[in-house]
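For reference, the structure is listed below as structure tokens.
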Amino acid sequence: IKNITLGHGITSISVGCFSVTLNLKEITIPNTIKEIGDSSFLYSSINKVTFEENSTLELIGSSAFSKSSIQIFDLPDSVLYINEGAFLGSMLHGINITDNSKLVSIGSKAFEKTFISEFNFPNNLHTIGDFAFGETYLTEVTLPASLVNYAPSAFASCHLLENIYIDDNNKYYVDIEGVVYTKDLKTIHEYPAGRKTSSYTILNNVLYVEEYAFY
């Protein structure tokens with residue numbers, strides 16, 4: 001089977017449902033689906049996912065598309081959670097996220113070791129987990145005012161990433177010329193791994209260096 005269209009009576013895609021399907025290339029997901037289960041497309045050859053209009057999808061489970069052939073993904077605005085390792089090690093080159101996205105959480109390693117070079121962080125985003133974008137091809141990111149929990153390893157080993165900008169209205173983090181500190185300037189949170197400078201002076205009032213801050 002190369003192409004599957006799911007029926008409207010289905011509300012979730014079960015754990016491991018399409019994992020290791022080496023012939024499946026395309027799937028159409030109806031607007032009744034609220035959850036894509038853990039490992040549902042793990043190691044699959046899927047490369048096109050089409051969502052019907054007015055999608056009600058809320059969750060993309062852990063390792064859902066990990067190690068798969070997916071290259072472009074149009075994230076429905078309704079999605080709230082992208083769980084741990086959802087796209088880890090996949091062929092993902094781009095993810096389209098609109099400004100109307102309701103996304104609140106990106107789990108640990110969600111996009112680690114993918115090929116994405118840009119990402120639209122929506123205004124509802126609350127959490128970015130450990131190594132969520134580790135070893136990707138991002139060159140610059142701007143994080144929203146809504147962000148509360150941001151792992152200092154979120155962009156670890158992104159060797160093209162030169163600046164991490166923080167919205168001026170964020171209550172917890174601030175960037176100083178593209179380097180992230182906590183709002184009180186007592187902790188350096190994350191230094192972009194792709195900076196080309198040969199030296200850097202940490203602010204004098206800093207008391208702590210976060211784990212993986214320079215990783």
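By convention here, the chains of the structure tokens are called A, B, ... in the order presented, each chain's residues are numbered starting at 1, and ligands are numbered starting at 1 in the order presented.
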Step one, run DSSP on the backbone; step two, keep only residues of stretch 53-161 of chain A assigned to strand (DSSP E); then write them as JSON, numbers by chain.
{"A": [59, 60, 72, 73, 74, 81, 82, 94, 95, 96, 105, 106, 127, 128, 140, 141, 142, 143, 149, 150]}
What is the atom CA of A:Ala64-atom CA of A:Ser78 distance in Å, reported with one decimal?
17.1 Å
Nearest candidate to A:Lys34 (options A:Leu138, A:Leu22, A:Leu59, A:Ile176; using only C-alpha atoms):
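Nearest candidate to A:Lys34 out of A:Leu138, A:Leu22, A:Leu59, A:Ile176: A:Leu59.
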If we count only C-alpha atoms, what is near A:Leu75 at a cut-off of 7 Å, once residues fewer than 6 positions away on the same chain are taken out, given as JSON, numbers by chain?
{"A": [95, 96, 97]}
Those residues with all heavy atoms, as an mmCIF file, in the first residue's frame please?
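Produced file selection.cif, reproduced below:
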data_model
loop_
_atom_site.group_PDB
_atom_site.id
_atom_site.type_symbol
_atom_site.label_atom_id
_atom_site.label_comp_id
_atom_site.auth_asym_id
_atom_site.auth_seq_id
_atom_site.Cartn_x
_atom_site.Cartn_y
_atom_site.Cartn_z
ATOM 1 N N ILE A 95 8.973 22.590 8.296
ATOM 2 C CA ILE A 95 7.683 22.456 8.978
ATOM 3 C C ILE A 95 6.993 23.811 8.908
ATOM 4 O O ILE A 95 7.555 24.835 9.296
ATOM 5 C CB ILE A 95 7.833 21.956 10.429
ATOM 6 C CG1 ILE A 95 6.471 21.838 11.101
ATOM 7 C CG2 ILE A 95 8.792 22.817 11.235
ATOM 8 C CD1 ILE A 95 6.493 21.017 12.378
ATOM 9 N N ASN A 96 5.782 23.799 8.384
ATOM 10 C CA ASN A 96 5.031 25.036 8.199
ATOM 11 C C ASN A 96 4.098 25.262 9.382
ATOM 12 O O ASN A 96 3.220 24.449 9.662
ATOM 13 C CB ASN A 96 4.233 24.963 6.894
ATOM 14 C CG ASN A 96 5.136 24.832 5.676
ATOM 15 O OD1 ASN A 96 6.156 25.523 5.581
ATOM 16 N ND2 ASN A 96 4.791 23.944 4.760
ATOM 17 N N ILE A 97 4.327 26.373 10.081
ATOM 18 C CA ILE A 97 3.534 26.721 11.254
ATOM 19 C C ILE A 97 3.008 28.139 11.066
ATOM 20 O O ILE A 97 3.781 29.075 10.856
ATOM 21 C CB ILE A 97 4.390 26.649 12.541
ATOM 22 C CG1 ILE A 97 4.976 25.244 12.723
ATOM 23 C CG2 ILE A 97 3.556 27.026 13.764
ATOM 24 C CD1 ILE A 97 5.903 25.114 13.905
#
Determine, using only C-alpha atoms, which residues of stretch 64-160 of chain A have any atom at most 6 Å from an atom of stretch 38-50 of chain A, and tabulate each with its shortest atom pair and distance in Å to one decimal place, rows ordered by chain and then rising number, as CSV.
residue,atom,partner,partner_atom,distance
A:Ala64,CA,A:Ser39,CA,4.1
A:Phe65,CA,A:Phe41,CA,4.9
A:Ser66,CA,A:Leu42,CA,5.1
A:Lys67,CA,A:Tyr43,CA,4.8
A:Ser68,CA,A:Tyr43,CA,4.6
A:Ser69,CA,A:Ser45,CA,4.9
A:Ile70,CA,A:Asn47,CA,4.0
A:Gln71,CA,A:Asn47,CA,6.0
Could the residues in this selection be written to a file with N, CA, C and O atoms, as a short mmCIF file (atom, residue, chain, number, x, y, z; two decimals), in the first residue's frame?
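So part.cif came out as:
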data_model
loop_
_atom_site.label_atom_id
_atom_site.label_comp_id
_atom_site.auth_asym_id
_atom_site.auth_seq_id
_atom_site.Cartn_x
_atom_site.Cartn_y
_atom_site.Cartn_z
N ALA A 64 6.68 9.80 16.89
CA ALA A 64 5.64 9.55 15.89
C ALA A 64 6.19 9.45 14.47
O ALA A 64 5.82 8.55 13.71
N PHE A 65 7.08 10.36 14.09
CA PHE A 65 7.66 10.36 12.74
C PHE A 65 9.18 10.17 12.80
O PHE A 65 9.88 10.44 11.82
N SER A 66 9.69 9.70 13.90
CA SER A 66 11.13 9.51 14.05
C SER A 66 11.68 8.53 13.02
O SER A 66 11.06 7.51 12.73
N LYS A 67 12.81 8.88 12.45
CA LYS A 67 13.51 8.04 11.47
C LYS A 67 12.68 7.79 10.20
O LYS A 67 12.98 6.87 9.43
N SER A 68 11.66 8.59 9.99
CA SER A 68 10.82 8.41 8.80
C SER A 68 11.36 9.24 7.63
O SER A 68 12.30 10.02 7.78
N SER A 69 10.69 9.11 6.47
CA SER A 69 11.12 9.82 5.27
C SER A 69 10.39 11.14 5.07
O SER A 69 10.55 11.78 4.02
N ILE A 70 9.60 11.56 6.05
CA ILE A 70 8.85 12.81 5.92
C ILE A 70 9.80 13.98 5.70
O ILE A 70 10.83 14.10 6.36
N GLN A 71 9.46 14.85 4.72
CA GLN A 71 10.34 15.97 4.40
C GLN A 71 9.71 17.33 4.70
O GLN A 71 10.39 18.23 5.19
#
Near stretch 183-186 of chain A, within 7 Å and counting only C-alpha atoms, which residues show up once chain neighbours fewer than 4 positions away are dropped, as a tab-separated table (two decimals) with C-alpha atoms, in the first residue's frame?
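File produced: part.tsv:
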chain	number	residue	atom	x	y	z
A	171	LYS	CA	9.36	37.70	31.65
A	172	TYR	CA	11.97	34.97	32.09
A	173	TYR	CA	14.65	35.35	29.42
A	174	VAL	CA	16.44	38.10	27.58
A	205	ASN	CA	27.09	40.20	37.19
A	206	VAL	CA	26.53	36.59	36.03
A	207	LEU	CA	26.65	34.01	38.84
A	208	TYR	CA	25.76	30.81	36.98
Quick one: residues within 7 Å of stretch 162-168 of chain A, only C-alpha atoms counted, chain neighbours fewer than 5 positions away excluded, as JSON, numbers by chain?
{"A": [139, 140, 141, 142, 143, 144, 145, 173, 174, 175, 178, 179, 180, 192, 193, 194, 195]}
Nearest to A:Ile10, chosen from A:Thr201, A:Thr32, A:Asn100, A:Thr56, with only C-alpha atoms counted in the distances
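Using only C-alpha atoms, A:Ile10 sits closest to A:Thr32.
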Using atom CA of A:Gly61 and atom CA of A:Gly85 as the two end points, give the distance in Å to one decimal.
8.5 Å
I'd like the interatomic distance between atom CA of A:Ile27 and atom CA of A:Val79, to a tenth of an Å.
17.8 Å
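Of the residues under consideration (A:Ser105, A:Asn3, A:Asn120, A:Ser146), A:Ser105 shows the shortest atom-to-atom contact distance to A:Ala132 when counting only C-alpha atoms.
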Which residue is closest to A:Asp130? Choose from A:Ile116, A:Leu103, A:Ile13, A:Ala213 and count only C-alpha atoms.
A:Ala213
